[in-house]
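Undergrad: Contents of target-v5.txt (compact mmCIF, C-alpha atoms) are below:
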# COMPACT_ATOMS: atom_id res chain seq x y z
CA LEU A 163 55.26 5.74 11.24
CA LEU A 164 57.67 8.67 11.74
CA LEU A 165 58.27 7.60 15.33
CA VAL A 166 59.06 4.09 14.19
CA LYS A 167 61.45 5.42 11.56
CA PHE A 168 63.42 7.80 13.78
CA THR A 169 63.32 5.86 17.07
CA ASP A 170 63.68 2.33 18.24
CA TRP A 171 60.25 2.50 19.91
CA VAL A 172 58.41 0.21 17.53
CA PHE A 173 55.59 -0.16 20.06
CA TRP A 174 54.40 3.32 18.98
CA ASP A 175 52.93 1.62 15.92
CA LEU A 176 50.61 -0.35 18.17
CA VAL A 177 49.81 2.70 20.29
CA VAL A 178 48.90 4.81 17.27
CA SER A 179 46.72 2.02 15.88
CA VAL A 180 44.83 1.71 19.15
CA VAL A 181 44.30 5.48 19.37
CA VAL A 182 43.01 5.61 15.78
CA CYS A 183 40.60 2.73 16.43
CA ILE A 184 39.26 4.41 19.57
CA TYR A 185 38.73 7.64 17.65
CA ILE A 186 36.89 5.87 14.83
CA PHE A 187 34.65 3.86 17.15
CA ARG A 188 33.93 6.94 19.25
CA GLY A 189 32.80 8.87 16.18
CA ALA A 190 30.77 5.92 14.90
CA TRP A 191 28.99 5.56 18.24
CA LYS A 192 28.00 9.23 18.16
CA ILE A 193 26.53 8.73 14.67
CA PHE A 194 24.58 5.62 15.65
CA ARG A 195 23.38 7.12 18.92
CA ARG A 196 22.17 10.27 17.21
CA SER A 197 20.38 8.25 14.53
CA ILE A 198 18.57 6.12 17.11
CA ASP A 199 17.50 9.22 19.04
CA GLU A 200 16.15 10.77 15.85
CA LEU A 201 14.24 7.62 14.98
CA MET A 202 12.69 7.51 18.45
CA ASP A 203 11.55 11.14 18.10
CA ARG A 204 9.87 10.58 14.75
CA GLN A 205 6.13 10.74 14.34
CA PRO A 206 4.62 7.22 14.63
CA PRO A 207 3.34 5.73 11.34
CA GLU A 208 -0.08 6.99 10.35
CA PHE A 209 -3.08 5.03 9.17
CA LEU A 210 -5.26 5.83 6.21
CA ILE A 211 -8.02 3.79 7.87
CA ASP A 212 -7.32 2.99 11.50
CA SER A 213 -6.16 -0.62 12.07
CA MET A 214 -6.88 -1.45 8.41
CA PHE A 215 -4.67 0.42 5.95
CA PRO A 216 -1.37 2.23 6.55
CA ALA A 217 -1.11 5.74 5.13
CA LYS A 218 1.82 4.84 2.88
CA GLY A 219 3.37 1.85 1.16
CA VAL A 220 1.88 -1.12 -0.69
CA ALA A 221 -1.03 -3.26 0.47
CA ILE A 222 -2.57 -6.35 -1.13
CA ILE A 223 -6.24 -7.32 -0.88
CA GLY A 224 -6.91 -10.90 -1.96
CA GLY A 225 -9.94 -13.11 -2.26
CA GLN A 226 -11.78 -15.56 -4.47
CA SER A 227 -13.89 -14.39 -7.38
CA GLY A 228 -17.33 -13.36 -6.20
CA THR A 229 -16.25 -12.14 -2.76
CA MET A 230 -16.94 -8.54 -3.83
CA LYS A 231 -13.39 -7.24 -3.40
CA SER A 232 -13.92 -4.45 -5.91
CA PHE A 233 -17.28 -3.44 -4.38
CA MET A 234 -15.59 -3.24 -0.98
CA MET A 235 -12.71 -1.13 -2.29
CA ILE A 236 -15.11 1.25 -4.05
CA TYR A 237 -16.88 1.82 -0.73
CA LEU A 238 -13.64 2.25 1.23
CA SER A 239 -12.15 4.57 -1.41
CA ILE A 240 -15.21 6.81 -1.39
CA MET A 241 -15.07 7.01 2.41
CA VAL A 242 -11.39 7.99 2.22
CA ALA A 243 -12.15 10.68 -0.38
CA LEU A 244 -14.94 12.02 1.84
CA GLY A 245 -12.93 11.68 5.04
CA LYS A 246 -15.82 9.93 6.77
CA ASN A 247 -15.09 7.52 9.60
CA ILE A 248 -15.97 3.88 8.98
CA GLY A 249 -17.84 2.75 12.05
CA HIS A 250 -15.54 3.65 14.94
CA TYR A 251 -12.44 3.48 12.73
CA ALA A 252 -10.90 6.87 11.97
CA VAL A 253 -10.30 7.76 8.31
CA LYS A 254 -7.70 10.20 7.00
CA GLN A 255 -9.18 12.22 4.15
CA THR A 256 -7.16 12.29 0.94
CA GLY A 257 -7.54 12.13 -2.81
CA VAL A 258 -8.14 8.82 -4.57
CA LEU A 259 -7.14 7.41 -7.95
CA PHE A 260 -8.88 4.11 -8.78
CA MET A 261 -7.19 2.37 -11.72
CA ILE A 262 -9.00 -0.54 -13.37
CA ASN A 263 -7.91 -2.99 -16.07
CA GLU A 264 -11.07 -5.14 -16.04
CA GLY A 265 -14.79 -4.58 -15.48
CA GLN A 266 -14.68 -1.07 -16.92
CA ALA A 267 -18.22 -1.30 -18.34
CA GLY A 268 -19.90 -1.83 -14.97
CA PHE A 269 -17.61 0.25 -12.78
CA GLY A 270 -19.67 3.43 -13.05
CA THR A 271 -22.84 1.60 -12.03
CA ARG A 272 -21.07 0.14 -8.99
CA CYS A 273 -19.89 3.60 -7.96
CA LYS A 274 -23.38 5.02 -8.41
CA ALA A 275 -24.85 2.29 -6.21
CA ALA A 276 -22.28 3.01 -3.48
CA LEU A 277 -22.92 6.76 -3.61
CA THR A 278 -26.70 6.23 -3.60
CA ALA A 279 -26.47 3.95 -0.56
CA LEU A 280 -24.34 6.54 1.25
CA LYS A 281 -26.66 9.36 0.13
CA VAL A 282 -23.75 11.51 -1.05
CA ASP A 283 -22.59 13.03 -4.32
CA GLY A 284 -19.44 11.85 -6.02
CA PRO A 285 -16.44 13.55 -4.35
CA ASP A 286 -14.29 15.77 -6.56
CA ASN A 287 -11.12 14.14 -5.24
CA PHE A 288 -12.07 10.68 -6.54
CA ARG A 289 -10.91 9.93 -10.08
CA VAL A 290 -10.88 6.78 -12.22
CA ALA A 291 -8.34 5.61 -14.81
CA GLU A 292 -9.49 2.83 -17.13
CA VAL A 293 -5.95 1.56 -17.54
CA THR A 294 -3.15 0.53 -15.18
CA PRO A 295 0.64 0.63 -15.47
CA ASP A 296 2.58 -2.53 -16.23
CA LEU A 297 4.20 -3.23 -12.88
CA MET A 298 6.85 -5.34 -14.59
CA ARG A 299 8.10 -2.24 -16.44
CA GLU A 300 8.81 0.74 -14.21
CA GLU A 301 9.07 3.06 -17.23
CA THR A 302 5.28 2.72 -17.69
CA LEU A 303 4.81 4.77 -14.50
CA SER A 304 5.87 8.04 -16.16
CA PRO A 305 2.53 8.81 -17.91
CA PHE A 306 0.71 8.20 -14.61
CA PHE A 307 3.07 10.53 -12.76
CA GLU A 308 2.39 13.28 -15.29
CA ALA A 309 -1.39 12.75 -15.34
CA ALA A 310 -1.69 12.57 -11.54
CA GLU A 311 0.37 15.72 -11.07
CA ALA A 312 -2.23 17.55 -13.16
CA LEU A 313 -4.94 16.71 -10.63
CA ASP A 314 -6.14 19.58 -8.47
CA TYR A 315 -5.89 17.62 -5.23
CA GLU A 316 -3.33 15.71 -3.19
CA LEU A 317 -3.23 12.04 -4.07
CA GLY A 318 -3.03 9.70 -1.06
CA LEU A 319 -4.69 6.45 -2.19
CA ILE A 320 -4.14 4.56 -5.43
CA VAL A 321 -6.09 1.36 -6.10
CA ILE A 322 -5.03 -1.03 -8.87
CA ASP A 323 -7.70 -3.55 -9.88
CA THR A 324 -6.37 -6.13 -10.64
CA PHE A 325 -2.78 -6.96 -9.64
CA SER A 326 -2.66 -9.98 -11.96
CA LYS A 327 -3.45 -7.98 -15.12
CA ALA A 328 -1.16 -5.15 -14.02
CA SER A 329 1.72 -7.65 -13.91
CA ILE A 330 0.59 -9.88 -16.78
CA SER A 331 4.00 -9.83 -18.46
CA GLY A 332 5.51 -11.47 -15.37
CA ASP A 333 5.23 -14.93 -13.87
CA ASP A 334 2.86 -14.95 -10.90
CA ASN A 335 4.82 -17.82 -9.36
CA SER A 336 8.25 -16.23 -9.85
CA THR A 337 9.76 -14.78 -6.68
CA SER A 338 11.90 -12.31 -8.62
CA ASP A 339 9.06 -11.20 -10.94
CA MET A 340 6.62 -10.55 -8.11
CA ALA A 341 9.28 -8.80 -6.02
CA LYS A 342 9.92 -6.57 -9.05
CA ALA A 343 6.18 -5.85 -9.42
CA ILE A 344 5.89 -4.87 -5.76
CA LYS A 345 8.99 -2.68 -6.09
CA THR A 346 7.39 -0.83 -9.03
CA ALA A 347 4.22 -0.34 -6.96
CA GLU A 348 6.43 1.02 -4.16
CA GLN A 349 7.90 3.56 -6.59
CA LEU A 350 4.37 4.73 -7.36
CA ALA A 351 3.59 4.94 -3.64
CA ASN A 352 6.81 6.77 -2.78
CA TYR A 353 6.42 9.28 -5.60
CA PHE A 354 3.14 10.55 -4.17
CA GLY A 355 3.71 9.63 -0.52
CA ALA A 356 0.60 7.48 -0.89
CA LEU A 357 -0.78 4.01 -0.29
CA VAL A 358 -1.06 1.70 -3.30
CA ILE A 359 -3.59 -1.12 -2.88
CA LEU A 360 -3.33 -4.08 -5.24
CA ILE A 361 -6.48 -6.19 -5.64
CA ASP A 362 -5.44 -9.79 -6.16
CA HIS A 363 -6.83 -13.33 -6.37
CA VAL A 364 -6.15 -16.44 -4.31
CA GLY A 365 -4.89 -19.80 -5.51
CA LYS A 366 -6.67 -23.15 -5.56
CA ASP A 367 -6.46 -23.32 -1.76
CA PRO A 368 -7.85 -20.04 -0.35
CA LYS A 369 -6.36 -20.85 3.06
CA LYS A 370 -2.89 -20.25 1.60
CA GLY A 371 -3.67 -16.61 0.91
CA VAL A 372 -2.85 -14.63 -2.22
CA ARG A 373 -1.83 -16.80 -5.12
CA GLY A 374 1.63 -17.04 -6.55
CA ALA A 375 5.05 -16.27 -5.13
CA TYR A 376 5.56 -15.63 -1.42
CA SER A 377 7.44 -12.42 -2.28
CA LYS A 378 4.05 -10.73 -2.71
CA TYR A 379 3.22 -11.30 0.95
CA ALA A 380 6.76 -10.67 2.16
CA ASN A 381 7.17 -7.29 0.47
CA ALA A 382 3.78 -5.73 1.28
CA GLU A 383 3.12 -3.51 4.29
CA MET A 384 -0.36 -4.93 4.69
CA VAL A 385 -2.15 -8.02 3.35
CA GLY A 386 -5.87 -8.62 3.82
CA MET A 387 -8.10 -11.48 2.74
CA VAL A 388 -11.74 -11.05 1.71
CA THR A 389 -14.45 -13.68 2.18
CA LYS A 390 -18.20 -13.62 1.69
CA VAL A 391 -20.90 -15.54 3.55
CA SER A 392 -24.48 -14.76 2.57
CA ASP A 393 -24.87 -10.95 2.73
CA THR A 394 -21.73 -10.33 4.78
CA VAL A 395 -18.33 -9.53 3.29
CA THR A 396 -15.39 -9.79 5.68
CA LEU A 397 -11.94 -8.29 5.35
CA LYS A 398 -9.37 -9.89 7.67
CA THR A 399 -5.85 -8.53 8.03
CA THR A 400 -3.33 -11.36 7.77
CA LYS A 401 -0.29 -9.08 7.81
CA GLN A 402 -0.02 -5.60 9.27
CA LYS A 403 3.40 -4.12 9.97
CA GLU A 404 2.16 -1.30 12.18
CA ALA A 405 -0.91 -2.86 13.84
CA GLY A 406 -2.26 -6.17 15.04
CA ASP A 407 -2.92 -9.01 12.64
CA ASN A 408 -6.16 -10.97 12.32
CA ILE A 409 -8.43 -7.94 12.72
CA SER A 410 -11.75 -8.46 10.94
CA PHE A 411 -14.01 -5.86 9.37
CA ASP A 412 -17.54 -6.90 8.39
CA PHE A 413 -19.47 -5.20 5.60
CA GLN A 414 -23.16 -5.60 4.84
CA VAL A 415 -24.30 -6.13 1.25
CA ASN A 416 -27.34 -4.06 0.28
CA LEU A 417 -29.15 -3.96 -3.05
CA VAL A 418 -29.69 -0.50 -4.49
CA GLU A 419 -32.08 0.24 -7.34
CA ILE A 420 -30.22 2.03 -10.12
CA PRO A 421 -32.11 3.22 -13.22
CA ASN A 422 -30.51 3.05 -16.64
CA LYS A 423 -30.74 6.62 -17.95
CA HIS A 424 -30.65 5.37 -21.54
CA THR A 425 -33.37 2.71 -21.36
CA GLY A 426 -35.21 3.59 -18.17
CA GLU A 427 -34.74 0.03 -16.93
CA VAL A 428 -34.19 -0.30 -13.18
CA ARG A 429 -31.79 -2.90 -11.85
CA GLU A 430 -30.59 -3.84 -8.39
CA VAL A 431 -26.86 -3.30 -7.84
CA PRO A 432 -24.98 -4.40 -4.71
CA ALA A 433 -23.41 -1.77 -2.46
CA LEU A 434 -21.44 -2.33 0.75
CA ASN A 435 -21.61 -0.55 4.06
CA ILE A 436 -20.11 -1.29 7.45
Kindly return the structure encoded in the file as structure tokens.
TA:
Amino acid sequence: LLLVKFTDWVFWDLVVSVVVCIYIFRGAWKIFRRSIDELMDRQPPEFLIDSMFPAKGVAIIGGQSGTMKSFMMIYLSIMVALGKNIGHYAVKQTGVLFMINEGQAGFGTRCKAALTALKVDGPDNFRVAEVTPDLMREETLSPFFEAAEALDYELGLIVIDTFSKASISGDDNSTSDMAKAIKTAEQLANYFGALVILIDHVGKDPKKGVRGAYSKYANAEMVGMVTKVSDTVTLKTTKQKEAGDNISFDFQVNLVEIPNKHTGEVREVPALNI
């Protein structure tokens, strides 16, 4: 501008503009190039259970009533707490918090059947909360943050059973409501650097996947559907950001005799194993 003012060389305005643009683009390219290099050097995403669950983020497990979704997740959660491989699938050991908002009365019996079938004691890094946050209200996460921080182990897996009751104040068919619920679950996952698994139902047509708004499927890192035929429960991945889709995992249903310590009555309780 000074050159333009004190000389008749008005073309300097153009020259200066070009030089400034080159300088800006040159600096921007260095930033972008460095960022890409850093991304390429990062550690690849980890799996909590190889090919099944990512180590972090939000996953949704859906299925019709009676497909034994909760039984399956009890088994998988115990294996994660123990750090025991599932078949030939590697498992990363970490602490588990299983939060339930239905079926509280029978949950202990289901866990006992799973532990009896595995012939192991209950792991110290597996805890149960008989209440879940309201995923439509992020402020309800605070008590869970405080309680989980008091645990004497690192928390890497959080299971919420069920998604529908944990978002009951929202509309299951509302894109914005379900996107908000997933975002709240992501806050929970990010706070602990953990995986949050939401156990959900399917609609009238099971082939369409989890019921309600598509934003559930779109915003989850992993989505798996559970089916049951006779004594076989199958989990099939329908969405997996960091692995192949349509991978199936088959679990066998076994009946375990569990005595009632109060009455002495013995009953058969299902337990899954791969």
Undergrad: Using only C-alpha atoms, which residues sit within 7 Å of A:Pro432 once same-chain residues fewer than 2 positions away are excluded, as a list of chain:residue names?
TA: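 Once the adjacent positions are removed, what remains is A:Ala275, A:Val415, A:Asn416, A:Leu417, A:Val418, A:Glu430, A:Leu434.
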Undergrad: Between atom CA of A:His250 and atom CA of A:Met214, what is the distance in Å, rounded to a tenth?
TA: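 Going from atom CA of A:His250 over to atom CA of A:Met214 covers 12.0 Å.
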Undergrad: May I have the residues within 12 Å of A:Arg373 as a list in words, using all atoms listed in the file and disregarding those fewer than 4 positions away in the same chain?
TA: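 The filter keeps Ile222, Ile223, Gly224, Gly225, Gln226, Phe325, Ser326, Asp333, Asp334, Asn335, Ser336, Thr337, Met340, Ile361, Asp362, His363, Val364, Gly365, Lys366, Asp367, Pro368, Lys369, Ser377, Lys378, Tyr379 and Met387 of chain A.
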Undergrad: Which polymer residues have any atom within 12 Å of an atom of A:Thr302, counting only C-alpha atoms, with same-chain residues fewer than 2 positions away left out, as a JSON list (two decimals) with C-alpha atoms, keeping the file's coordinate frame?
TA:
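Final file, selection15.json:
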[["chain", "number", "residue", "atom", "x", "y", "z"],
["A", 293, "VAL", "CA", -5.95, 1.56, -17.54],
["A", 294, "THR", "CA", -3.15, 0.53, -15.18],
["A", 295, "PRO", "CA", 0.64, 0.63, -15.47],
["A", 296, "ASP", "CA", 2.58, -2.53, -16.23],
["A", 297, "LEU", "CA", 4.20, -3.23, -12.88],
["A", 298, "MET", "CA", 6.85, -5.34, -14.59],
["A", 299, "ARG", "CA", 8.10, -2.24, -16.44],
["A", 300, "GLU", "CA", 8.81, 0.74, -14.21],
["A", 304, "SER", "CA", 5.87, 8.04, -16.16],
["A", 305, "PRO", "CA", 2.53, 8.81, -17.91],
["A", 306, "PHE", "CA", 0.71, 8.20, -14.61],
["A", 307, "PHE", "CA", 3.07, 10.53, -12.76],
["A", 308, "GLU", "CA", 2.39, 13.28, -15.29],
["A", 328, "ALA", "CA", -1.16, -5.15, -14.02],
["A", 329, "SER", "CA", 1.72, -7.65, -13.91],
["A", 343, "ALA", "CA", 6.18, -5.85, -9.42],
["A", 346, "THR", "CA", 7.39, -0.83, -9.03],
["A", 347, "ALA", "CA", 4.22, -0.34, -6.96],
["A", 349, "GLN", "CA", 7.90, 3.56, -6.59],
["A", 350, "LEU", "CA", 4.37, 4.73, -7.36]]
Undergrad: I'd like to know which of A:Cys273, A:Val258, A:Val391, A:Ala310 is closest to A:Phe233, using only C-alpha atoms.
TA: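 Among A:Cys273, A:Val258, A:Val391, A:Ala310, it is A:Cys273 that comes nearest to A:Phe233.
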Undergrad: Quick one, how far is atom CA of A:Ile322 from atom CA of A:Ala221?
TA: 10.4 Å
